Structures are given as structure tokens and as C-alpha cells.
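Peer 1: Just so it is clear, I am handing over entry-v4.txt, which has compact mmCIF, C-alpha atoms and all ligand atoms.
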# COMPACT_ATOMS: atom_id res chain seq x y z
CA MET A 25 36.65 -24.66 -9.88
CA LYS A 26 36.63 -21.55 -11.98
CA HIS A 27 33.40 -22.40 -13.82
CA TRP A 28 31.56 -22.58 -10.48
CA MET A 29 32.35 -18.96 -9.70
CA PRO A 30 29.46 -17.32 -11.61
CA LEU A 31 27.01 -19.73 -9.98
CA LEU A 32 28.48 -19.08 -6.53
CA ALA A 33 28.31 -15.33 -7.11
CA ALA A 34 24.68 -15.62 -8.17
CA VAL A 35 23.81 -17.66 -5.08
CA LEU A 36 25.54 -15.18 -2.79
CA ALA A 37 23.84 -12.26 -4.51
CA PHE A 38 20.48 -13.97 -4.10
CA SER A 39 21.13 -14.67 -0.41
CA ALA A 40 22.18 -11.12 0.26
CA CYS A 41 19.23 -9.74 -1.61
CA CYS A 42 16.42 -11.71 -0.10
CA GLN A 43 16.31 -13.54 3.18
CA ALA A 44 12.70 -14.67 2.75
CA PRO A 45 12.03 -17.92 0.92
CA ALA A 46 11.57 -17.41 -2.82
CA GLY A 47 7.94 -16.91 -3.70
CA SER A 48 6.86 -15.92 -0.20
CA PRO A 49 4.70 -12.82 0.02
CA ALA A 50 6.10 -9.38 0.61
CA VAL A 51 5.02 -7.68 3.82
CA VAL A 52 3.20 -4.34 3.80
CA ALA A 53 2.91 -2.45 7.08
CA HIS A 54 -0.68 -1.19 7.23
CA ARG A 55 -0.66 2.59 7.91
CA GLY A 56 3.06 2.22 8.64
CA TYR A 57 4.40 0.32 11.63
CA TRP A 58 2.72 1.93 14.60
CA LYS A 59 2.31 -0.92 17.10
CA CYS A 60 5.31 0.19 19.08
CA GLU A 61 5.92 2.70 21.85
CA GLY A 62 4.85 6.18 20.82
CA GLY A 63 3.40 4.94 17.55
CA ALA A 64 0.51 6.49 15.64
CA GLN A 65 -1.10 5.29 12.43
CA ASN A 66 -0.09 7.16 9.30
CA SER A 67 2.45 9.27 11.18
CA ILE A 68 5.90 10.05 9.83
CA SER A 69 7.33 7.92 12.64
CA SER A 70 5.22 4.97 11.49
CA LEU A 71 6.89 5.26 8.09
CA SER A 72 10.35 5.34 9.67
CA ASN A 73 9.44 2.39 11.90
CA ALA A 74 8.30 0.40 8.86
CA ALA A 75 11.63 1.09 7.17
CA ALA A 76 13.47 0.10 10.35
CA ILE A 77 11.89 -3.36 10.48
CA LYS A 78 12.67 -3.84 6.77
CA VAL A 79 9.23 -4.60 5.45
CA TRP A 80 8.82 -4.51 1.68
CA GLY A 81 6.21 -1.76 1.75
CA SER A 82 4.52 0.78 3.97
CA GLU A 83 0.89 1.70 3.33
CA PHE A 84 -0.59 5.14 3.97
CA ASP A 85 -3.84 7.03 3.27
CA VAL A 86 -4.17 10.38 1.55
CA TRP A 87 -6.89 13.04 1.50
CA MET A 88 -7.02 16.42 -0.22
CA THR A 89 -8.34 19.57 1.41
CA THR A 90 -10.37 22.31 -0.28
CA ASP A 91 -7.22 24.40 -0.59
CA ASP A 92 -5.41 21.57 -2.39
CA THR A 93 -3.25 20.34 0.46
CA LEU A 94 -2.70 16.59 0.42
CA VAL A 95 -2.54 15.13 3.93
CA VAL A 96 -1.90 11.67 5.36
CA ASN A 97 -4.75 10.31 7.48
CA HIS A 98 -6.99 7.27 7.42
CA ASP A 99 -10.41 8.51 8.47
CA ALA A 100 -12.44 10.97 6.44
CA LYS A 101 -12.79 13.06 9.59
CA PHE A 102 -10.14 14.28 12.01
CA ASN A 103 -11.47 15.67 15.28
CA LYS A 104 -14.92 15.85 13.63
CA ILE A 105 -13.56 17.86 10.69
CA LEU A 106 -14.28 16.37 7.27
CA LEU A 107 -10.87 16.70 5.68
CA LYS A 108 -11.99 16.94 2.07
CA ASP A 109 -14.32 19.84 2.95
CA ALA A 110 -11.84 21.66 5.20
CA LYS A 111 -8.88 23.94 4.75
CA TYR A 112 -5.52 22.67 5.92
CA ALA A 113 -5.32 25.50 8.46
CA ASP A 114 -8.50 24.16 10.11
CA PHE A 115 -6.65 21.18 11.58
CA LYS A 116 -2.93 21.56 10.92
CA ASN A 117 -2.08 22.25 14.56
CA MET A 118 -4.15 19.41 16.01
CA PRO A 119 -1.96 16.53 17.19
CA LEU A 120 -2.25 12.85 16.36
CA ASP A 121 -2.48 10.31 19.21
CA ASN A 122 1.27 10.36 19.76
CA GLY A 123 1.65 14.15 19.69
CA GLU A 124 2.97 14.37 16.13
CA LEU A 125 1.11 16.66 13.77
CA MET A 126 -0.66 15.13 10.81
CA SER A 127 1.84 15.15 7.99
CA THR A 128 1.29 16.64 4.60
CA LEU A 129 1.93 14.35 1.66
CA ASP A 130 4.96 16.49 0.83
CA GLU A 131 6.46 15.81 4.24
CA TYR A 132 5.62 12.13 4.00
CA LEU A 133 7.11 11.61 0.56
CA ALA A 134 10.20 13.62 1.47
CA LYS A 135 10.70 11.24 4.39
CA GLY A 136 10.10 8.29 2.06
CA LEU A 137 13.08 9.41 -0.02
CA GLU A 138 15.28 8.49 2.94
CA TYR A 139 14.28 4.82 2.60
CA PRO A 140 15.14 3.79 -0.95
CA GLU A 141 14.36 0.10 -0.34
CA LEU A 142 10.81 0.79 0.84
CA GLU A 143 7.79 0.55 -1.45
CA MET A 144 5.31 3.37 -0.85
CA VAL A 145 1.84 1.80 -0.86
CA PHE A 146 -0.27 4.85 -1.52
CA GLU A 147 -4.01 4.71 -0.83
CA ILE A 148 -6.03 7.44 -2.48
CA LYS A 149 -9.01 7.93 -0.20
CA THR A 150 -12.45 8.94 -1.42
CA TYR A 151 -15.38 9.93 0.76
CA ARG A 152 -18.13 8.13 -1.13
CA ASP A 153 -16.25 5.62 -3.17
CA GLY A 154 -16.78 6.30 -6.83
CA MET A 155 -19.59 8.78 -6.09
CA ASP A 156 -17.72 12.08 -5.82
CA SER A 157 -16.50 12.67 -9.34
CA VAL A 158 -15.50 16.27 -8.68
CA TYR A 159 -13.24 15.28 -5.81
CA GLU A 160 -11.83 12.30 -7.72
CA ALA A 161 -11.03 14.49 -10.72
CA ARG A 162 -9.06 16.84 -8.43
CA VAL A 163 -7.23 14.32 -6.29
CA VAL A 164 -5.88 11.94 -8.96
CA PRO A 165 -3.70 14.43 -10.90
CA ALA A 166 -2.58 16.01 -7.62
CA VAL A 167 -1.31 12.78 -6.09
CA ILE A 168 0.42 11.75 -9.31
CA ALA A 169 2.13 15.14 -9.52
CA ALA A 170 3.31 14.73 -5.93
CA VAL A 171 4.77 11.27 -6.56
CA LYS A 172 6.55 12.56 -9.67
CA LYS A 173 7.82 15.63 -7.83
CA TYR A 174 9.70 13.34 -5.43
CA GLY A 175 10.78 10.91 -8.15
CA LEU A 176 9.02 8.04 -6.41
CA GLU A 177 7.23 6.63 -9.46
CA LYS A 178 9.37 3.48 -9.50
CA ARG A 179 8.53 2.46 -5.96
CA THR A 180 4.94 3.52 -5.52
CA THR A 181 2.01 1.12 -5.60
CA PHE A 182 -1.37 2.85 -5.80
CA ILE A 183 -4.44 1.42 -4.09
CA ALA A 184 -8.02 2.72 -3.95
CA PHE A 185 -11.57 1.57 -3.23
CA SER A 186 -12.86 3.73 -6.05
CA LEU A 187 -12.89 1.91 -9.38
CA THR A 188 -12.86 5.27 -11.17
CA VAL A 189 -9.76 6.38 -9.30
CA CYS A 190 -8.00 3.09 -10.08
CA GLU A 191 -8.90 3.41 -13.75
CA GLN A 192 -7.62 6.98 -13.92
CA VAL A 193 -4.34 6.20 -12.17
CA ALA A 194 -3.81 3.10 -14.32
CA LYS A 195 -4.21 5.22 -17.45
CA LEU A 196 -1.90 7.99 -16.26
CA MET A 197 0.73 5.69 -14.66
CA PRO A 198 0.78 2.58 -16.86
CA GLU A 199 4.13 1.41 -15.50
CA ASN A 200 2.87 1.33 -11.90
CA THR A 201 0.99 -1.30 -9.99
CA VAL A 202 -2.56 -0.19 -9.23
CA GLN A 203 -4.61 -2.40 -6.92
CA TYR A 204 -8.36 -2.18 -6.57
CA LEU A 205 -9.50 -2.58 -2.97
CA ASN A 206 -13.23 -3.03 -2.97
CA GLY A 207 -13.45 -6.82 -3.38
CA ASP A 208 -16.68 -6.80 -5.37
CA LEU A 209 -15.21 -7.73 -8.77
CA SER A 210 -13.40 -10.81 -10.01
CA PRO A 211 -9.81 -10.31 -11.17
CA LYS A 212 -10.96 -10.64 -14.78
CA GLU A 213 -13.52 -7.86 -14.31
CA VAL A 214 -10.89 -5.61 -12.72
CA TYR A 215 -8.45 -6.39 -15.54
CA GLU A 216 -11.07 -5.39 -18.09
CA HIS A 217 -11.03 -1.92 -16.52
CA GLY A 218 -7.31 -1.66 -17.33
CA ILE A 219 -6.24 -2.19 -13.71
CA ASN A 220 -3.31 -4.52 -13.05
CA GLY A 221 -3.82 -5.54 -9.42
CA ILE A 222 -6.20 -6.35 -6.62
CA ASP A 223 -5.85 -5.75 -2.89
CA TYR A 224 -8.83 -7.43 -1.25
CA HIS A 225 -9.94 -8.19 2.27
CA TYR A 226 -8.72 -11.69 3.07
CA SER A 227 -12.30 -12.96 3.38
CA CYS A 228 -12.68 -12.41 -0.39
CA PHE A 229 -9.88 -14.92 -1.00
CA GLN A 230 -11.32 -17.32 1.56
CA GLN A 231 -14.55 -17.17 -0.40
CA HIS A 232 -12.83 -17.17 -3.81
CA PRO A 233 -9.45 -18.87 -3.45
CA GLU A 234 -9.41 -19.29 -7.23
CA TRP A 235 -9.08 -15.52 -7.62
CA VAL A 236 -5.36 -15.64 -6.76
CA LYS A 237 -4.56 -17.87 -9.74
CA GLU A 238 -7.06 -16.03 -11.95
CA ALA A 239 -5.27 -12.77 -11.20
CA HIS A 240 -1.80 -14.25 -11.67
CA ASP A 241 -2.80 -15.81 -15.00
CA LEU A 242 -3.74 -12.29 -16.13
CA GLY A 243 -0.39 -10.93 -14.91
CA MET A 244 -2.01 -9.06 -12.03
CA SER A 245 -0.56 -8.59 -8.56
CA VAL A 246 -2.46 -9.80 -5.50
CA ASN A 247 -2.39 -8.10 -2.13
CA CYS A 248 -4.69 -8.76 0.84
CA TRP A 249 -5.74 -6.79 3.93
CA THR A 250 -5.66 -6.58 6.90
CA VAL A 251 -4.17 -9.90 7.88
CA ASN A 252 -3.19 -10.11 11.54
CA ALA A 253 -4.10 -13.57 12.87
CA PRO A 254 -1.43 -16.28 12.46
CA SER A 255 -3.91 -18.78 11.01
CA VAL A 256 -5.03 -16.32 8.31
CA ILE A 257 -1.46 -15.21 7.62
CA ARG A 258 -0.58 -18.87 6.92
CA GLU A 259 -3.73 -19.29 4.82
CA MET A 260 -2.83 -16.30 2.62
CA ILE A 261 0.77 -17.53 2.25
CA ASP A 262 -0.53 -20.93 1.14
CA LEU A 263 -2.87 -19.29 -1.36
CA GLY A 264 0.15 -17.63 -2.97
CA VAL A 265 -0.69 -13.94 -2.62
CA ASP A 266 2.09 -11.51 -3.59
CA GLN A 267 1.72 -9.19 -0.62
CA ILE A 268 0.22 -9.33 2.85
CA THR A 269 -0.91 -6.05 4.37
CA THR A 270 -0.89 -6.26 8.15
CA ASN A 271 -0.93 -4.43 11.45
CA GLU A 272 1.48 -7.15 12.66
CA PRO A 273 4.37 -6.94 10.20
CA THR A 274 6.96 -8.48 12.53
CA LEU A 275 4.66 -11.45 13.14
CA VAL A 276 4.20 -11.98 9.39
CA GLN A 277 7.96 -11.73 8.90
CA LYS A 278 8.47 -14.33 11.60
CA ILE A 279 5.93 -16.71 10.07
CA ILE A 280 7.46 -16.31 6.62
CA GLY A 281 10.78 -17.12 8.18
CA GLY A 282 12.86 -14.13 7.32
CA LYS A 283 12.74 -10.51 6.45
CA SER A 284 10.83 -9.58 3.34
CA GLY A 285 12.55 -6.27 2.85
CA CYS A 286 13.42 -6.86 -0.76
CA CYS A 287 11.17 -9.69 -1.75
CA LYS A 288 9.93 -8.15 -4.96
CA LYS A 289 9.24 -10.44 -7.85
CA SER A 290 12.15 -8.92 -9.72
CA CYS A 291 14.42 -9.70 -6.81
CA CYS A 292 13.38 -13.15 -5.68
CA GLN A 293 11.89 -14.97 -8.60
MG MG B 1 -5.49 2.36 3.81
Could you take the file, read its structure, and then write that structure out as C-alpha cells?
Ligand code: MG

Peer 2:
Amino acid sequence: MKHWMPLLAAVLAFSACCQAPAGSPAVVAHRGYWKCEGGAQNSISSLSNAAAIKVWGSEFDVWMTTDDTLVVNHDAKFNKILLKDAKYADFKNMPLDNGELMSTLDEYLAKGLEYPELEMVFEIKTYRDGMDSVYEARVVPAVIAAVKKYGLEKRTTFIAFSLTVCEQVAKLMPENTVQYLNGDLSPKEVYEHGINGIDYHYSCFQQHPEWVKEAHDLGMSVNCWTVNAPSVIREMIDLGVDQITTNEPTLVQKIIGGKSGCCKKSCCQ
């Protein structure tokens, strides 16, 4: 009986660690989990809600103001104010849809520290993707400094539409996953830029299902956005993507058949 004990312990540890089937994709809540009462995209509460439903990761979008304040918001403009050309004081007291104020990146990352199991899926926004080199040169070191300040390097995945931004982050943070969002390059082409992941609209994988294997053969991670319909969720699972980014995280969890709170490769495979 004794010699079965290590195996039993391993099985129990595995069960406790990961309730999702091995190899199933991890779930990323797109702009946090905000499809609940009082929710707002990219709000601090959406981050807390994502942690509460035990998704693997919570995605959020970051802009930088002219006075070097990093803020969490999806659109380039907030109440008609172009964030990258504004001062923080120009909009800091304007509420989001749910009455919360837009959070600074400092506030957001500080909150993220409270959820040590949650991957922070950090989108670095650019106004004209790859076209604003001055802005890109400012924002990349600033966001990396912020992540380091909070000691979140080990559980931050960076994503960006700008190839230049992805290249810069990949160079400065070689241990981190960096996923290119724009969908216009094959995995091999992205890899040749020194970038170790892709996060493409699901239609790219419908058009190029072979890209999942191509990426995996190169050791790259594969995420897809924004997957909300059950039929497409199942399609992406069958294709073998590593992560599914969704506005419907509880639906994806249900389809996968368990929680994906800790379904990292290191945990489940
Ligand atoms: Mg985003």
C-alpha cells in the first residue's frame, strides 16, 4: 500500500490544483468581469469580480497621459477627451458607467496584489498602432516600471496591437509572455520579431486553424479574443488554444466543465 502513497498524493494535489480538464484553455475575463450588477469595463470592481469567479486571468487596457499618469480604460477617448493628449486632472473626477472613477494603473495593480492566483493580462494601448513612436517610447518603460514596482512580473502577460510595443516589451521582459494582437502575421513571422505569443481575433484561427499548431511548435502561447458564442467557444477549445478571452467567462468555464482558475501549463500539464 505504501508505494501507492506518492501517486495518491500527486493525484490529490492535481485535483486540488486544477478542476478543469488537463489541456483545456485558461479563461481570461475581457476588461475584467463586468457583466454583473453594477459592473463597468476596466473598473477596479471588474478586477475583483474576475478574481471572485476564479478565472485564470483578467485583461485590462492602459493609456498614459501627457503628465505620465497611467490609467485603465479601453477607448482612446473618455468623454471626448483623448487620454494620451490630456492631463490626468482633465478627467480624473469623471465617473465610469457604474459611478466608479477611472482607476490609475497604480490603483489597479495594488488591487491585483490582493489576488495572487490571478494573471494580469495587461494590454498596452496605442492610438495609431505602431505609428506613434514618441508615445510608444514613453509608455513601454513606464508600464514595465509599474509592473516591477508591484512585483507582478511573474503573473503579468503583456498584449498589444503594436508590433513595436510587443518587440520592446519582449526585449525588456524576456521571461514574460508577450502576445501580439493584430492578427496580420503568421506565428512564425511574429516569432521572428522575438515575440513569444499571439492573441488573435477568433476569425484568424477560423481562417488559419494551422496557426495554433504552428505557434505551439515554436513554443509560443496562443490566446484568442473576444469569444462569447458557445459554438465559437467550443471551436476554439477544439483547436487547442491556450487561453480564451471572453466577455462571458462563466459561460466558458461551464463549457470547459470546471473552473480554470489555475489552469496554467505549469499547473495542469
Ligand atoms: Mg483590451

Peer 1: Which residues of chain A come within 8 Å of ligand MG 1 (chain B), and for each one, what is the closest pair of atoms and their distance in Å to one decimal, counting only C-alpha atoms and all ligand atoms, sorted by chain and residue number, as JSON lines?

Peer 2:
{"residue": "A:His54", "atom": "CA", "partner": "B:MG1", "partner_atom": "MG", "distance": 6.9}
{"residue": "A:Arg55", "atom": "CA", "partner": "B:MG1", "partner_atom": "MG", "distance": 6.3}
{"residue": "A:Glu83", "atom": "CA", "partner": "B:MG1", "partner_atom": "MG", "distance": 6.4}
{"residue": "A:Phe84", "atom": "CA", "partner": "B:MG1", "partner_atom": "MG", "distance": 5.6}
{"residue": "A:Asp85", "atom": "CA", "partner": "B:MG1", "partner_atom": "MG", "distance": 5.0}
{"residue": "A:His98", "atom": "CA", "partner": "B:MG1", "partner_atom": "MG", "distance": 6.3}
{"residue": "A:Phe146", "atom": "CA", "partner": "B:MG1", "partner_atom": "MG", "distance": 7.9}
{"residue": "A:Glu147", "atom": "CA", "partner": "B:MG1", "partner_atom": "MG", "distance": 5.4}
{"residue": "A:Lys149", "atom": "CA", "partner": "B:MG1", "partner_atom": "MG", "distance": 7.7}

Peer 1: Could you write out the selected residues, including C-alpha atoms, as an mmCIF file, keeping the file's coordinate frame?

Peer 2:
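Now in again-v4.cif:
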data_model
loop_
_atom_site.group_PDB
_atom_site.id
_atom_site.type_symbol
_atom_site.label_atom_id
_atom_site.label_comp_id
_atom_site.auth_asym_id
_atom_site.auth_seq_id
_atom_site.Cartn_x
_atom_site.Cartn_y
_atom_site.Cartn_z
ATOM 1 C CA HIS A 54 -0.680 -1.190 7.230
ATOM 2 C CA ARG A 55 -0.660 2.590 7.910
ATOM 3 C CA GLU A 83 0.890 1.700 3.330
ATOM 4 C CA PHE A 84 -0.590 5.140 3.970
ATOM 5 C CA ASP A 85 -3.840 7.030 3.270
ATOM 6 C CA HIS A 98 -6.990 7.270 7.420
ATOM 7 C CA PHE A 146 -0.270 4.850 -1.520
ATOM 8 C CA GLU A 147 -4.010 4.710 -0.830
ATOM 9 C CA LYS A 149 -9.010 7.930 -0.200
#

Peer 1: Counting all atoms listed in the file, figure out which residue out of A:Asp114, A:Asp266, A:Glu272, A:Asp208 gets nearest to Ser227 (chain A).

Peer 2: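 Going through A:Asp114, A:Asp266, A:Glu272, A:Asp208 one by one, the smallest distance to Ser227 (chain A) is for A:Asp208.
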
Peer 1: At what distance in Å, to one decimal, does CA of Val145 (chain A) lie from CA of Phe182 (chain A)?

Peer 2: 6.0 Å

Peer 1: Just the residues within 12 Å of Lys111 (chain A), please, counting all atoms listed in the file, with nothing from its chain fewer than 5 positions along; format it as number ranges by chain.

Peer 2: A: 87-95, 105-106, 116

Peer 1: Could you save those same residues with C-alpha atoms as a compact mmCIF listing (two decimals), in the coordinates of the input?

Peer 2:
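Below you can see out_11.txt, which holds the result:
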# COMPACT_ATOMS: atom_id res chain seq x y z
CA TRP A 87 -6.89 13.04 1.50
CA MET A 88 -7.02 16.42 -0.22
CA THR A 89 -8.34 19.57 1.41
CA THR A 90 -10.37 22.31 -0.28
CA ASP A 91 -7.22 24.40 -0.59
CA ASP A 92 -5.41 21.57 -2.39
CA THR A 93 -3.25 20.34 0.46
CA LEU A 94 -2.70 16.59 0.42
CA VAL A 95 -2.54 15.13 3.93
CA ILE A 105 -13.56 17.86 10.69
CA LEU A 106 -14.28 16.37 7.27
CA LYS A 116 -2.93 21.56 10.92

Peer 1: Out of A:Val251, A:Val246, A:Val189, A:Ile77, which residue has the shortest atom-to-atom distance to Pro211 (chain A) when counting only C-alpha atoms?

Peer 2: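 Smallest separation from Pro211 (chain A) among the options: A:Val246.
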
Peer 1: Pick from A:Met155, A:Glu143, A:Phe185, A:Leu129: nearest to Lys173 (chain A), with all atoms listed in the file counted?

Peer 2: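 With all atoms listed in the file as the atom set, the closest residue is A:Leu129.
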
Peer 1: Please provide as a list in words all residues within 9 Å of region 158-161 of chain A, with the sequence filter that same-chain residues fewer than 3 positions apart are discarded (counting all atoms listed in the file).

Peer 2: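 Everything that qualifies: Met88, Lys108, Thr150, Tyr151, Gly154, Met155, Val164, Pro165, Ser186, Thr188, Val189 and Gln192 of chain A.
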
Peer 1: Would you write out those residues with C-alpha atoms, as a compact mmCIF listing (two decimals), keeping the file's coordinate frame?

Peer 2:
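Resulting contents of result_36.txt:
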# COMPACT_ATOMS: atom_id res chain seq x y z
CA MET A 88 -7.02 16.42 -0.22
CA LYS A 108 -11.99 16.94 2.07
CA THR A 150 -12.45 8.94 -1.42
CA TYR A 151 -15.38 9.93 0.76
CA GLY A 154 -16.78 6.30 -6.83
CA MET A 155 -19.59 8.78 -6.09
CA VAL A 164 -5.88 11.94 -8.96
CA PRO A 165 -3.70 14.43 -10.90
CA SER A 186 -12.86 3.73 -6.05
CA THR A 188 -12.86 5.27 -11.17
CA VAL A 189 -9.76 6.38 -9.30
CA GLN A 192 -7.62 6.98 -13.92

Peer 1: Would you mind telling me which residue in A:Val86, A:Val276, A:Val167, A:Ala53 lies nearest to Glu259 (chain A) when using all atoms listed in the file?

Peer 2: A:Val276

Peer 1: For Gly243 (chain A), which residue among A:Asn220, A:Gly62, A:Asp99, A:Gln277 is the nearest when counting all atoms listed in the file?

Peer 2: A:Asn220

Peer 1: For Met260 (chain A), please output as an NGL selection string all residues within 9 Å (counting only C-alpha atoms; exclusion window: fewer than 3 positions along the same chain).

Peer 2: :A and (49 or 226 or 229-230 or 248 or 251 or 255-257 or 263-265 or 268)

Peer 1: For the residues in the current selection, export C-alpha atoms as a CSV table (one decimal), keeping the file's coordinate frame.

Peer 2:
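Once everything was written out, this is result06.csv:
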chain,number,residue,atom,x,y,z
A,49,PRO,CA,4.7,-12.8,0.0
A,226,TYR,CA,-8.7,-11.7,3.1
A,229,PHE,CA,-9.9,-14.9,-1.0
A,230,GLN,CA,-11.3,-17.3,1.6
A,248,CYS,CA,-4.7,-8.8,0.8
A,251,VAL,CA,-4.2,-9.9,7.9
A,255,SER,CA,-3.9,-18.8,11.0
A,256,VAL,CA,-5.0,-16.3,8.3
A,257,ILE,CA,-1.5,-15.2,7.6
A,263,LEU,CA,-2.9,-19.3,-1.4
A,264,GLY,CA,0.2,-17.6,-3.0
A,265,VAL,CA,-0.7,-13.9,-2.6
A,268,ILE,CA,0.2,-9.3,2.8

Peer 1: Please provide the set of residues having any atom within 12 Å of Val214 (chain A), restricted to only C-alpha atoms, with same-chain residues fewer than 6 positions apart removed, written as an MDAnalysis selection string.

Peer 2: chainID A and resid 185:188 190:191 194 202:208 220:224 235 238:239 242:246

Peer 1: Quick one: pull the distance between CA of Tyr132 (chain A) and CA of Lys278 (chain A), Å, one decimal.

Peer 2: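 For CA of Tyr132 (chain A) relative to CA of Lys278 (chain A), the distance reads 27.7 Å.
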